[in-house]
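File shown: protein.txt (compact mmCIF, N, CA and C atoms).
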```
# COMPACT_ATOMS: atom_id res chain seq x y z
N MET A 1 6.72 -17.58 1.68
CA MET A 1 5.65 -17.31 0.75
C MET A 1 6.11 -16.21 -0.21
N THR A 2 5.72 -16.36 -1.44
CA THR A 2 6.01 -15.32 -2.41
C THR A 2 4.71 -14.81 -3.01
N LYS A 3 4.69 -13.51 -3.23
CA LYS A 3 3.57 -12.87 -3.93
C LYS A 3 4.17 -12.08 -5.08
N GLU A 4 3.55 -12.21 -6.22
CA GLU A 4 4.00 -11.47 -7.39
C GLU A 4 2.86 -10.60 -7.89
N HIS A 5 3.09 -9.31 -7.96
CA HIS A 5 2.10 -8.36 -8.48
C HIS A 5 2.42 -8.13 -9.95
N ILE A 6 1.46 -8.45 -10.81
CA ILE A 6 1.69 -8.43 -12.25
C ILE A 6 0.73 -7.42 -12.88
N ASN A 7 1.30 -6.53 -13.67
CA ASN A 7 0.50 -5.54 -14.38
C ASN A 7 0.92 -5.55 -15.84
N PRO A 8 0.33 -6.46 -16.63
CA PRO A 8 0.75 -6.63 -18.02
C PRO A 8 0.56 -5.35 -18.84
N GLU A 9 1.48 -5.12 -19.75
CA GLU A 9 1.40 -3.95 -20.62
C GLU A 9 0.16 -3.98 -21.50
N ALA A 10 -0.41 -5.18 -21.73
CA ALA A 10 -1.60 -5.31 -22.56
C ALA A 10 -2.86 -4.82 -21.84
N LEU A 11 -2.76 -4.56 -20.53
CA LEU A 11 -3.88 -4.05 -19.75
C LEU A 11 -3.59 -2.63 -19.32
N PHE A 12 -4.64 -1.87 -19.01
CA PHE A 12 -4.42 -0.47 -18.62
C PHE A 12 -3.66 -0.40 -17.30
N PRO A 13 -2.88 0.67 -17.08
CA PRO A 13 -2.12 0.82 -15.84
C PRO A 13 -3.06 1.06 -14.66
N SER A 14 -3.09 0.13 -13.72
CA SER A 14 -4.06 0.20 -12.63
C SER A 14 -3.46 0.56 -11.28
N VAL A 15 -2.15 0.43 -11.11
CA VAL A 15 -1.54 0.69 -9.80
C VAL A 15 -1.84 2.11 -9.35
N GLU A 16 -1.81 3.07 -10.28
CA GLU A 16 -2.11 4.46 -9.93
C GLU A 16 -3.55 4.62 -9.43
N LEU A 17 -4.41 3.68 -9.76
CA LEU A 17 -5.80 3.70 -9.28
C LEU A 17 -5.97 2.93 -7.98
N GLY A 18 -4.90 2.27 -7.54
CA GLY A 18 -4.93 1.59 -6.25
C GLY A 18 -5.12 0.09 -6.29
N PHE A 19 -4.96 -0.52 -7.47
CA PHE A 19 -5.05 -1.98 -7.50
C PHE A 19 -4.13 -2.55 -8.57
N SER A 20 -3.75 -3.82 -8.36
CA SER A 20 -2.96 -4.56 -9.33
C SER A 20 -3.90 -5.35 -10.23
N GLN A 21 -3.49 -5.57 -11.47
CA GLN A 21 -4.30 -6.37 -12.37
C GLN A 21 -4.29 -7.84 -11.96
N VAL A 22 -3.13 -8.33 -11.49
CA VAL A 22 -2.97 -9.73 -11.12
C VAL A 22 -2.08 -9.81 -9.89
N VAL A 23 -2.42 -10.71 -8.96
CA VAL A 23 -1.53 -11.04 -7.86
C VAL A 23 -1.45 -12.56 -7.80
N ALA A 24 -0.24 -13.09 -7.91
CA ALA A 24 -0.03 -14.53 -7.82
C ALA A 24 0.68 -14.80 -6.49
N ALA A 25 0.20 -15.81 -5.77
CA ALA A 25 0.79 -16.14 -4.47
C ALA A 25 1.11 -17.63 -4.41
N ARG A 26 2.21 -17.95 -3.74
CA ARG A 26 2.61 -19.33 -3.57
C ARG A 26 2.98 -19.54 -2.11
N GLY A 27 2.50 -20.62 -1.52
CA GLY A 27 2.81 -20.92 -0.13
C GLY A 27 1.94 -20.10 0.80
N GLY A 28 2.14 -20.28 2.08
CA GLY A 28 1.39 -19.51 3.06
C GLY A 28 0.00 -20.06 3.30
N LYS A 29 -0.70 -19.41 4.18
CA LYS A 29 -2.06 -19.77 4.58
C LYS A 29 -3.03 -18.81 3.89
N THR A 30 -4.04 -19.36 3.21
CA THR A 30 -5.04 -18.51 2.56
C THR A 30 -6.11 -18.17 3.58
N VAL A 31 -6.41 -16.88 3.69
CA VAL A 31 -7.38 -16.37 4.67
C VAL A 31 -8.49 -15.66 3.91
N TYR A 32 -9.73 -16.08 4.14
CA TYR A 32 -10.89 -15.46 3.50
C TYR A 32 -11.56 -14.55 4.51
N LEU A 33 -11.63 -13.26 4.20
CA LEU A 33 -12.18 -12.28 5.12
C LEU A 33 -13.59 -11.91 4.68
N SER A 34 -14.55 -12.08 5.57
CA SER A 34 -15.93 -11.73 5.27
C SER A 34 -16.03 -10.24 4.96
N GLY A 35 -17.08 -9.89 4.24
CA GLY A 35 -17.32 -8.50 3.90
C GLY A 35 -17.38 -7.63 5.14
N GLN A 36 -16.61 -6.56 5.12
CA GLN A 36 -16.56 -5.63 6.25
C GLN A 36 -17.25 -4.33 5.86
N THR A 37 -17.92 -3.75 6.84
CA THR A 37 -18.73 -2.55 6.60
C THR A 37 -18.31 -1.45 7.57
N ALA A 38 -19.17 -0.48 7.73
CA ALA A 38 -18.89 0.68 8.58
C ALA A 38 -19.24 0.45 10.05
N TRP A 39 -19.65 -0.74 10.42
CA TRP A 39 -19.91 -1.01 11.83
C TRP A 39 -18.62 -1.05 12.63
N ASN A 40 -18.65 -0.45 13.81
CA ASN A 40 -17.55 -0.64 14.76
C ASN A 40 -17.90 -1.85 15.63
N ALA A 41 -17.10 -2.14 16.64
CA ALA A 41 -17.32 -3.32 17.48
C ALA A 41 -18.64 -3.26 18.24
N ALA A 42 -19.20 -2.07 18.45
CA ALA A 42 -20.47 -1.91 19.16
C ALA A 42 -21.67 -1.90 18.19
N LYS A 43 -21.44 -2.27 16.93
CA LYS A 43 -22.47 -2.26 15.89
C LYS A 43 -23.04 -0.87 15.65
N GLU A 44 -22.19 0.15 15.78
CA GLU A 44 -22.55 1.53 15.47
C GLU A 44 -21.95 1.87 14.11
N ILE A 45 -22.71 2.55 13.28
CA ILE A 45 -22.19 2.94 11.97
C ILE A 45 -21.25 4.12 12.13
N VAL A 46 -20.04 3.96 11.60
CA VAL A 46 -19.05 5.03 11.59
C VAL A 46 -19.14 5.69 10.22
N GLY A 47 -19.33 7.00 10.20
CA GLY A 47 -19.39 7.73 8.94
C GLY A 47 -20.75 7.67 8.28
N TRP A 48 -21.80 7.77 9.06
CA TRP A 48 -23.15 7.70 8.50
C TRP A 48 -23.28 8.69 7.34
N GLY A 49 -23.66 8.18 6.17
CA GLY A 49 -23.87 9.01 4.99
C GLY A 49 -22.61 9.46 4.28
N ASP A 50 -21.42 9.05 4.73
CA ASP A 50 -20.15 9.51 4.18
C ASP A 50 -19.37 8.31 3.63
N LEU A 51 -19.29 8.18 2.32
CA LEU A 51 -18.65 7.02 1.70
C LEU A 51 -17.19 6.89 2.10
N ARG A 52 -16.45 8.00 2.14
CA ARG A 52 -15.03 7.91 2.52
C ARG A 52 -14.87 7.37 3.94
N GLU A 53 -15.64 7.90 4.88
CA GLU A 53 -15.50 7.46 6.27
C GLU A 53 -15.96 6.01 6.45
N GLN A 54 -17.01 5.63 5.73
CA GLN A 54 -17.44 4.23 5.82
C GLN A 54 -16.38 3.31 5.21
N THR A 55 -15.72 3.76 4.16
CA THR A 55 -14.64 2.97 3.57
C THR A 55 -13.49 2.83 4.55
N ARG A 56 -13.14 3.92 5.23
CA ARG A 56 -12.06 3.85 6.24
C ARG A 56 -12.41 2.84 7.34
N GLN A 57 -13.66 2.87 7.81
CA GLN A 57 -14.03 1.93 8.87
C GLN A 57 -14.00 0.49 8.35
N ALA A 58 -14.47 0.27 7.13
CA ALA A 58 -14.41 -1.07 6.55
C ALA A 58 -12.96 -1.54 6.45
N CYS A 59 -12.05 -0.64 6.07
CA CYS A 59 -10.62 -0.99 5.99
C CYS A 59 -10.04 -1.26 7.37
N ARG A 60 -10.43 -0.47 8.37
CA ARG A 60 -9.97 -0.74 9.74
C ARG A 60 -10.45 -2.13 10.19
N ASN A 61 -11.69 -2.47 9.82
CA ASN A 61 -12.22 -3.78 10.17
C ASN A 61 -11.47 -4.89 9.45
N LEU A 62 -11.15 -4.68 8.17
CA LEU A 62 -10.35 -5.66 7.43
C LEU A 62 -8.99 -5.84 8.09
N GLN A 63 -8.40 -4.74 8.51
CA GLN A 63 -7.10 -4.80 9.16
C GLN A 63 -7.19 -5.62 10.45
N ALA A 64 -8.20 -5.39 11.25
CA ALA A 64 -8.37 -6.17 12.49
C ALA A 64 -8.57 -7.64 12.18
N ALA A 65 -9.33 -7.94 11.14
CA ALA A 65 -9.61 -9.33 10.78
C ALA A 65 -8.35 -10.05 10.30
N VAL A 66 -7.59 -9.42 9.40
CA VAL A 66 -6.39 -10.08 8.88
C VAL A 66 -5.33 -10.21 9.97
N GLU A 67 -5.25 -9.22 10.86
CA GLU A 67 -4.30 -9.31 11.97
C GLU A 67 -4.67 -10.44 12.92
N ALA A 68 -5.96 -10.69 13.10
CA ALA A 68 -6.41 -11.80 13.96
C ALA A 68 -5.97 -13.15 13.37
N ALA A 69 -5.76 -13.18 12.05
CA ALA A 69 -5.31 -14.40 11.39
C ALA A 69 -3.78 -14.45 11.26
N GLY A 70 -3.10 -13.46 11.85
CA GLY A 70 -1.65 -13.46 11.84
C GLY A 70 -1.01 -12.70 10.70
N GLY A 71 -1.79 -11.91 9.97
CA GLY A 71 -1.26 -11.19 8.82
C GLY A 71 -1.35 -9.69 8.96
N THR A 72 -1.13 -9.02 7.84
CA THR A 72 -1.25 -7.57 7.76
C THR A 72 -2.01 -7.25 6.47
N LEU A 73 -2.36 -5.99 6.28
CA LEU A 73 -3.03 -5.61 5.04
C LEU A 73 -2.13 -5.83 3.82
N ALA A 74 -0.82 -5.85 4.00
CA ALA A 74 0.09 -6.13 2.89
C ALA A 74 -0.06 -7.57 2.40
N ASP A 75 -0.66 -8.43 3.21
CA ASP A 75 -0.89 -9.83 2.83
C ASP A 75 -2.17 -10.01 2.01
N VAL A 76 -2.99 -8.97 1.92
CA VAL A 76 -4.24 -9.06 1.15
C VAL A 76 -3.89 -9.10 -0.34
N VAL A 77 -4.40 -10.12 -1.03
CA VAL A 77 -4.11 -10.28 -2.45
C VAL A 77 -5.30 -9.92 -3.33
N SER A 78 -6.51 -9.87 -2.74
CA SER A 78 -7.69 -9.60 -3.55
C SER A 78 -8.76 -8.92 -2.72
N LEU A 79 -9.43 -7.94 -3.34
CA LEU A 79 -10.56 -7.24 -2.72
C LEU A 79 -11.77 -7.33 -3.64
N ARG A 80 -12.92 -7.43 -3.03
CA ARG A 80 -14.19 -7.28 -3.76
C ARG A 80 -14.93 -6.18 -3.02
N VAL A 81 -15.19 -5.07 -3.71
CA VAL A 81 -15.76 -3.87 -3.10
C VAL A 81 -17.17 -3.66 -3.65
N TYR A 82 -18.15 -3.63 -2.76
CA TYR A 82 -19.54 -3.41 -3.13
C TYR A 82 -19.94 -2.00 -2.70
N ILE A 83 -20.45 -1.19 -3.63
CA ILE A 83 -20.87 0.17 -3.32
C ILE A 83 -22.33 0.33 -3.70
N VAL A 84 -23.11 0.86 -2.76
CA VAL A 84 -24.54 1.07 -2.99
C VAL A 84 -24.73 2.20 -3.99
N LYS A 85 -25.56 1.94 -5.00
CA LYS A 85 -25.92 2.94 -6.02
C LYS A 85 -24.68 3.65 -6.56
N LEU A 86 -23.74 2.85 -7.00
CA LEU A 86 -22.44 3.31 -7.50
C LEU A 86 -22.58 4.43 -8.53
N LYS A 87 -21.79 5.49 -8.29
CA LYS A 87 -21.68 6.60 -9.23
C LYS A 87 -20.22 6.70 -9.65
N ARG A 88 -19.97 7.29 -10.80
CA ARG A 88 -18.61 7.38 -11.35
C ARG A 88 -17.61 7.94 -10.32
N ALA A 89 -17.95 8.99 -9.61
CA ALA A 89 -17.02 9.63 -8.66
C ALA A 89 -16.72 8.75 -7.45
N ASP A 90 -17.59 7.78 -7.16
CA ASP A 90 -17.39 6.92 -5.99
C ASP A 90 -16.10 6.12 -6.09
N ALA A 91 -15.76 5.67 -7.29
CA ALA A 91 -14.54 4.87 -7.47
C ALA A 91 -13.31 5.67 -7.02
N GLY A 92 -13.26 6.94 -7.36
CA GLY A 92 -12.14 7.79 -6.94
C GLY A 92 -12.09 7.98 -5.44
N ARG A 93 -13.24 8.20 -4.83
CA ARG A 93 -13.29 8.38 -3.37
C ARG A 93 -12.81 7.13 -2.66
N VAL A 94 -13.30 5.98 -3.10
CA VAL A 94 -12.92 4.71 -2.47
C VAL A 94 -11.45 4.42 -2.73
N GLY A 95 -11.00 4.67 -3.96
CA GLY A 95 -9.60 4.44 -4.29
C GLY A 95 -8.65 5.25 -3.43
N GLU A 96 -9.00 6.50 -3.14
CA GLU A 96 -8.18 7.34 -2.26
C GLU A 96 -7.99 6.68 -0.91
N VAL A 97 -9.07 6.17 -0.34
CA VAL A 97 -9.00 5.55 0.98
C VAL A 97 -8.22 4.24 0.91
N LEU A 98 -8.46 3.43 -0.11
CA LEU A 98 -7.72 2.17 -0.22
C LEU A 98 -6.23 2.43 -0.28
N ARG A 99 -5.81 3.51 -0.97
CA ARG A 99 -4.38 3.83 -1.04
C ARG A 99 -3.83 4.25 0.32
N GLU A 100 -4.68 4.70 1.25
CA GLU A 100 -4.23 5.01 2.61
C GLU A 100 -3.87 3.73 3.38
N PHE A 101 -4.52 2.63 3.05
CA PHE A 101 -4.39 1.40 3.83
C PHE A 101 -3.51 0.33 3.19
N PHE A 102 -3.48 0.25 1.88
CA PHE A 102 -2.77 -0.82 1.20
C PHE A 102 -1.50 -0.28 0.55
N PRO A 103 -0.48 -1.15 0.37
CA PRO A 103 0.79 -0.70 -0.20
C PRO A 103 0.58 -0.07 -1.58
N ARG A 104 1.15 1.11 -1.78
CA ARG A 104 0.96 1.84 -3.05
C ARG A 104 1.60 1.12 -4.24
N GLU A 105 2.78 0.53 -4.04
CA GLU A 105 3.49 -0.11 -5.15
C GLU A 105 2.95 -1.51 -5.44
N THR A 106 2.37 -2.16 -4.44
CA THR A 106 1.90 -3.55 -4.60
C THR A 106 0.49 -3.70 -4.01
N PRO A 107 -0.48 -2.99 -4.57
CA PRO A 107 -1.84 -3.10 -4.05
C PRO A 107 -2.46 -4.44 -4.46
N PRO A 108 -3.51 -4.86 -3.74
CA PRO A 108 -4.18 -6.10 -4.11
C PRO A 108 -4.93 -5.97 -5.43
N ALA A 109 -5.24 -7.12 -6.02
CA ALA A 109 -6.17 -7.13 -7.15
C ALA A 109 -7.52 -6.71 -6.59
N SER A 110 -8.38 -6.12 -7.42
CA SER A 110 -9.62 -5.57 -6.89
C SER A 110 -10.72 -5.55 -7.93
N THR A 111 -11.94 -5.77 -7.46
CA THR A 111 -13.13 -5.64 -8.30
C THR A 111 -14.11 -4.73 -7.59
N LEU A 112 -14.66 -3.77 -8.31
CA LEU A 112 -15.62 -2.81 -7.79
C LEU A 112 -16.99 -3.14 -8.37
N ILE A 113 -17.98 -3.32 -7.50
CA ILE A 113 -19.30 -3.76 -7.93
C ILE A 113 -20.36 -2.81 -7.37
N GLY A 114 -21.20 -2.30 -8.24
CA GLY A 114 -22.33 -1.49 -7.81
C GLY A 114 -23.49 -2.38 -7.44
N VAL A 115 -24.11 -2.11 -6.29
CA VAL A 115 -25.26 -2.90 -5.82
C VAL A 115 -26.39 -1.95 -5.44
N TRP A 116 -27.60 -2.48 -5.40
CA TRP A 116 -28.76 -1.69 -5.03
C TRP A 116 -28.76 -1.39 -3.54
N SER A 117 -28.43 -2.42 -2.72
CA SER A 117 -28.42 -2.23 -1.27
C SER A 117 -27.53 -3.29 -0.63
N LEU A 118 -27.26 -3.09 0.65
CA LEU A 118 -26.50 -4.05 1.45
C LEU A 118 -27.36 -4.51 2.62
N ALA A 119 -26.80 -5.31 3.51
CA ALA A 119 -27.57 -5.93 4.60
C ALA A 119 -28.25 -4.92 5.52
N VAL A 120 -27.63 -3.77 5.73
CA VAL A 120 -28.21 -2.71 6.56
C VAL A 120 -28.38 -1.49 5.65
N SER A 121 -29.54 -0.89 5.70
CA SER A 121 -29.85 0.17 4.73
C SER A 121 -28.91 1.37 4.80
N ASP A 122 -28.25 1.62 5.93
CA ASP A 122 -27.35 2.77 6.05
C ASP A 122 -25.92 2.46 5.62
N PHE A 123 -25.62 1.20 5.28
CA PHE A 123 -24.29 0.87 4.77
C PHE A 123 -24.18 1.40 3.34
N LEU A 124 -23.07 2.06 3.04
CA LEU A 124 -22.79 2.53 1.69
C LEU A 124 -21.79 1.64 0.98
N ILE A 125 -21.01 0.84 1.75
CA ILE A 125 -19.94 0.04 1.18
C ILE A 125 -19.73 -1.22 2.01
N GLU A 126 -19.29 -2.27 1.34
CA GLU A 126 -18.86 -3.50 1.99
C GLU A 126 -17.66 -4.01 1.22
N ILE A 127 -16.63 -4.44 1.94
CA ILE A 127 -15.38 -4.90 1.30
C ILE A 127 -15.04 -6.27 1.85
N GLU A 128 -14.90 -7.25 0.94
CA GLU A 128 -14.42 -8.56 1.35
C GLU A 128 -13.03 -8.75 0.77
N ALA A 129 -12.26 -9.67 1.36
CA ALA A 129 -10.86 -9.80 0.95
C ALA A 129 -10.38 -11.23 1.07
N ILE A 130 -9.31 -11.50 0.34
CA ILE A 130 -8.56 -12.75 0.48
C ILE A 130 -7.12 -12.34 0.76
N ALA A 131 -6.52 -12.99 1.74
CA ALA A 131 -5.12 -12.72 2.09
C ALA A 131 -4.35 -14.04 2.04
N VAL A 132 -3.06 -13.93 1.79
CA VAL A 132 -2.16 -15.07 1.89
C VAL A 132 -1.10 -14.70 2.91
N VAL A 133 -1.11 -15.42 4.03
CA VAL A 133 -0.29 -15.08 5.20
C VAL A 133 0.79 -16.14 5.39
N ASP A 134 2.00 -15.71 5.71
CA ASP A 134 3.09 -16.68 6.03
C ASP A 134 2.73 -17.51 7.23
```
Structure encoded using structure tokens:
Amino acid sequence: MTKEHINPEALFPSVELGFSQVVAARGGKTVYLSGQTAWNAAKEIVGWGDLREQTRQACRNLQAAVEAAGGTLADVVSLRVYIVKLKRADAGRVGEVLREFFPRETPPASTLIGVWSLAVSDFLIEIEAIAVVD
């Protein structure tokens, strides 16, 4: 399988913000990962009221999910990130955590979406992903 991370000069430089403008993949198995939140396996919220900690738990959950499908976080090609009552500073906080989990030079493509609420009122973030696994 090949993945190509493309950041055209005609678009703003996004890798420093933690995402690629385009990721093209060929071959492999496409894995769709449901939105992950701050719940741990016992349905307890990790990081109540703390966007960074909830983001870390969502990323740990994504990691467990993609590994169950035979991949790693490096196989993730696309993220869709939902943040409750999105504020300008939230993007930076979330980006910091994403850079802890995803490859710095070849991050996935990503979309950040502000929402009014999520399925559980104490969730601050939900992240869904697509991976391409060998």
Give as an MDAnalysis selection string the set of residues within 6.5 Å of the point (-2.3, -8.8, 0.5), where distances use the file's coordinates and only N, CA and C atoms.
chainID A and resid 72:78 108 130:132
For Val23 (chain A), find every residue with an atom within 7 Å (counting all atoms listed in the file), except residues of its own chain fewer than 5 positions away, and show them as number ranges by chain.
A: 3-6, 77, 108-109
How about saving the chosen residues, N, CA and C atoms kept, as a PDB file, keeping the file's coordinate frame?
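Full text of part32.pdb as output:
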```pdb
ATOM      1  N   LYS A   3       4.690 -13.510  -3.230  1.00  0.00           N
ATOM      2  CA  LYS A   3       3.570 -12.870  -3.930  1.00  0.00           C
ATOM      3  C   LYS A   3       4.170 -12.080  -5.080  1.00  0.00           C
ATOM      4  N   GLU A   4       3.550 -12.210  -6.220  1.00  0.00           N
ATOM      5  CA  GLU A   4       4.000 -11.470  -7.390  1.00  0.00           C
ATOM      6  C   GLU A   4       2.860 -10.600  -7.890  1.00  0.00           C
ATOM      7  N   HIS A   5       3.090  -9.310  -7.960  1.00  0.00           N
ATOM      8  CA  HIS A   5       2.100  -8.360  -8.480  1.00  0.00           C
ATOM      9  C   HIS A   5       2.420  -8.130  -9.950  1.00  0.00           C
ATOM     10  N   ILE A   6       1.460  -8.450 -10.810  1.00  0.00           N
ATOM     11  CA  ILE A   6       1.690  -8.430 -12.250  1.00  0.00           C
ATOM     12  C   ILE A   6       0.730  -7.420 -12.880  1.00  0.00           C
ATOM     13  N   VAL A  77      -4.400 -10.120  -1.030  1.00  0.00           N
ATOM     14  CA  VAL A  77      -4.110 -10.280  -2.450  1.00  0.00           C
ATOM     15  C   VAL A  77      -5.300  -9.920  -3.330  1.00  0.00           C
ATOM     16  N   PRO A 108      -3.510  -4.860  -3.740  1.00  0.00           N
ATOM     17  CA  PRO A 108      -4.180  -6.100  -4.110  1.00  0.00           C
ATOM     18  C   PRO A 108      -4.930  -5.970  -5.430  1.00  0.00           C
ATOM     19  N   ALA A 109      -5.240  -7.120  -6.020  1.00  0.00           N
ATOM     20  CA  ALA A 109      -6.170  -7.130  -7.150  1.00  0.00           C
ATOM     21  C   ALA A 109      -7.520  -6.710  -6.590  1.00  0.00           C
TER      22      ALA A 109
END
```
Every residue of region 2-134 of chain A that DSSP places in helix (DSSP H, G or I), as an MDAnalysis selection string
chainID A and resid 15:17 51:68 73:75 88:101
Dump N, CA and C atoms for the selected residues as a JSON list (two decimals), keeping the file's coordinate frame?
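File selection_29.json, as written:
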```json
[["chain", "number", "residue", "atom", "x", "y", "z"],
["A", 15, "VAL", "N", -2.15, 0.43, -11.11],
["A", 15, "VAL", "CA", -1.54, 0.69, -9.80],
["A", 15, "VAL", "C", -1.84, 2.11, -9.35],
["A", 16, "GLU", "N", -1.81, 3.07, -10.28],
["A", 16, "GLU", "CA", -2.11, 4.46, -9.93],
["A", 16, "GLU", "C", -3.55, 4.62, -9.43],
["A", 17, "LEU", "N", -4.41, 3.68, -9.76],
["A", 17, "LEU", "CA", -5.80, 3.70, -9.28],
["A", 17, "LEU", "C", -5.97, 2.93, -7.98],
["A", 51, "LEU", "N", -19.29, 8.18, 2.32],
["A", 51, "LEU", "CA", -18.65, 7.02, 1.70],
["A", 51, "LEU", "C", -17.19, 6.89, 2.10],
["A", 52, "ARG", "N", -16.45, 8.00, 2.14],
["A", 52, "ARG", "CA", -15.03, 7.91, 2.52],
["A", 52, "ARG", "C", -14.87, 7.37, 3.94],
["A", 53, "GLU", "N", -15.64, 7.90, 4.88],
["A", 53, "GLU", "CA", -15.50, 7.46, 6.27],
["A", 53, "GLU", "C", -15.96, 6.01, 6.45],
["A", 54, "GLN", "N", -17.01, 5.63, 5.73],
["A", 54, "GLN", "CA", -17.44, 4.23, 5.82],
["A", 54, "GLN", "C", -16.38, 3.31, 5.21],
["A", 55, "THR", "N", -15.72, 3.76, 4.16],
["A", 55, "THR", "CA", -14.64, 2.97, 3.57],
["A", 55, "THR", "C", -13.49, 2.83, 4.55],
["A", 56, "ARG", "N", -13.14, 3.92, 5.23],
["A", 56, "ARG", "CA", -12.06, 3.85, 6.24],
["A", 56, "ARG", "C", -12.41, 2.84, 7.34],
["A", 57, "GLN", "N", -13.66, 2.87, 7.81],
["A", 57, "GLN", "CA", -14.03, 1.93, 8.87],
["A", 57, "GLN", "C", -14.00, 0.49, 8.35],
["A", 58, "ALA", "N", -14.47, 0.27, 7.13],
["A", 58, "ALA", "CA", -14.41, -1.07, 6.55],
["A", 58, "ALA", "C", -12.96, -1.54, 6.45],
["A", 59, "CYS", "N", -12.05, -0.64, 6.07],
["A", 59, "CYS", "CA", -10.62, -0.99, 5.99],
["A", 59, "CYS", "C", -10.04, -1.26, 7.37],
["A", 60, "ARG", "N", -10.43, -0.47, 8.37],
["A", 60, "ARG", "CA", -9.97, -0.74, 9.74],
["A", 60, "ARG", "C", -10.45, -2.13, 10.19],
["A", 61, "ASN", "N", -11.69, -2.47, 9.82],
["A", 61, "ASN", "CA", -12.22, -3.78, 10.17],
["A", 61, "ASN", "C", -11.47, -4.89, 9.45],
["A", 62, "LEU", "N", -11.15, -4.68, 8.17],
["A", 62, "LEU", "CA", -10.35, -5.66, 7.43],
["A", 62, "LEU", "C", -8.99, -5.84, 8.09],
["A", 63, "GLN", "N", -8.40, -4.74, 8.51],
["A", 63, "GLN", "CA", -7.10, -4.80, 9.16],
["A", 63, "GLN", "C", -7.19, -5.62, 10.45],
["A", 64, "ALA", "N", -8.20, -5.39, 11.25],
["A", 64, "ALA", "CA", -8.37, -6.17, 12.49],
["A", 64, "ALA", "C", -8.57, -7.64, 12.18],
["A", 65, "ALA", "N", -9.33, -7.94, 11.14],
["A", 65, "ALA", "CA", -9.61, -9.33, 10.78],
["A", 65, "ALA", "C", -8.35, -10.05, 10.30],
["A", 66, "VAL", "N", -7.59, -9.42, 9.40],
["A", 66, "VAL", "CA", -6.39, -10.08, 8.88],
["A", 66, "VAL", "C", -5.33, -10.21, 9.97],
["A", 67, "GLU", "N", -5.25, -9.22, 10.86],
["A", 67, "GLU", "CA", -4.30, -9.31, 11.97],
["A", 67, "GLU", "C", -4.67, -10.44, 12.92],
["A", 68, "ALA", "N", -5.96, -10.69, 13.10],
["A", 68, "ALA", "CA", -6.41, -11.80, 13.96],
["A", 68, "ALA", "C", -5.97, -13.15, 13.37],
["A", 73, "LEU", "N", -2.36, -5.99, 6.28],
["A", 73, "LEU", "CA", -3.03, -5.61, 5.04],
["A", 73, "LEU", "C", -2.13, -5.83, 3.82],
["A", 74, "ALA", "N", -0.82, -5.85, 4.00],
["A", 74, "ALA", "CA", 0.09, -6.13, 2.89],
["A", 74, "ALA", "C", -0.06, -7.57, 2.40],
["A", 75, "ASP", "N", -0.66, -8.43, 3.21],
["A", 75, "ASP", "CA", -0.89, -9.83, 2.83],
["A", 75, "ASP", "C", -2.17, -10.01, 2.01],
["A", 88, "ARG", "N", -19.97, 7.29, -10.80],
["A", 88, "ARG", "CA", -18.61, 7.38, -11.35],
["A", 88, "ARG", "C", -17.61, 7.94, -10.32],
["A", 89, "ALA", "N", -17.95, 8.99, -9.61],
["A", 89, "ALA", "CA", -17.02, 9.63, -8.66],
["A", 89, "ALA", "C", -16.72, 8.75, -7.45],
["A", 90, "ASP", "N", -17.59, 7.78, -7.16],
["A", 90, "ASP", "CA", -17.39, 6.92, -5.99],
["A", 90, "ASP", "C", -16.10, 6.12, -6.09],
["A", 91, "ALA", "N", -15.76, 5.67, -7.29],
["A", 91, "ALA", "CA", -14.54, 4.87, -7.47],
["A", 91, "ALA", "C", -13.31, 5.67, -7.02],
["A", 92, "GLY", "N", -13.26, 6.94, -7.36],
["A", 92, "GLY", "CA", -12.14, 7.79, -6.94],
["A", 92, "GLY", "C", -12.09, 7.98, -5.44],
["A", 93, "ARG", "N", -13.24, 8.20, -4.83],
["A", 93, "ARG", "CA", -13.29, 8.38, -3.37],
["A", 93, "ARG", "C", -12.81, 7.13, -2.66],
["A", 94, "VAL", "N", -13.30, 5.98, -3.10],
["A", 94, "VAL", "CA", -12.92, 4.71, -2.47],
["A", 94, "VAL", "C", -11.45, 4.42, -2.73],
["A", 95, "GLY", "N", -11.00, 4.67, -3.96],
["A", 95, "GLY", "CA", -9.60, 4.44, -4.29],
["A", 95, "GLY", "C", -8.65, 5.25, -3.43],
["A", 96, "GLU", "N", -9.00, 6.50, -3.14],
["A", 96, "GLU", "CA", -8.18, 7.34, -2.26],
["A", 96, "GLU", "C", -7.99, 6.68, -0.91],
["A", 97, "VAL", "N", -9.07, 6.17, -0.34],
["A", 97, "VAL", "CA", -9.00, 5.55, 0.98],
["A", 97, "VAL", "C", -8.22, 4.24, 0.91],
["A", 98, "LEU", "N", -8.46, 3.43, -0.11],
["A", 98, "LEU", "CA", -7.72, 2.17, -0.22],
["A", 98, "LEU", "C", -6.23, 2.43, -0.28],
["A", 99, "ARG", "N", -5.81, 3.51, -0.97],
["A", 99, "ARG", "CA", -4.38, 3.83, -1.04],
["A", 99, "ARG", "C", -3.83, 4.25, 0.32],
["A", 100, "GLU", "N", -4.68, 4.70, 1.25],
["A", 100, "GLU", "CA", -4.23, 5.01, 2.61],
["A", 100, "GLU", "C", -3.87, 3.73, 3.38],
["A", 101, "PHE", "N", -4.52, 2.63, 3.05],
["A", 101, "PHE", "CA", -4.39, 1.40, 3.83],
["A", 101, "PHE", "C", -3.51, 0.33, 3.19]]
```
Atomic distance CA of Ile127 (chain A) - atom C of Glu44 (chain A), expressed in Å with one decimal
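Atom C of Glu44 (chain A) lies 15.9 Å from CA of Ile127 (chain A).
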Have a look at A:Glu53, A:Glu100, A:Glu105, A:Asp122 and name the one nearest to Val84 (chain A); count only C-alpha atoms.
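The closest residue to Val84 (chain A) is A:Asp122.
Nearest to Arg52 (chain A) of all the residues A:Ile113, A:Leu17, A:Ala10, A:Val94 is A:Val94, based on all atoms listed in the file.
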Calculated over all atoms listed in the file, which of the candidates A:Leu51, A:Leu62, A:Leu112, A:Val133 has the smallest distance to Gln36 (chain A)?
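Ranking A:Leu51, A:Leu62, A:Leu112, A:Val133 by distance to Gln36 (chain A), first place goes to A:Leu62.
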Which residue is closest to Leu124 (chain A)? Choose from A:Ala58, A:Ala38, A:Ala65, A:Val15 and count all atoms listed in the file.
A:Ala38
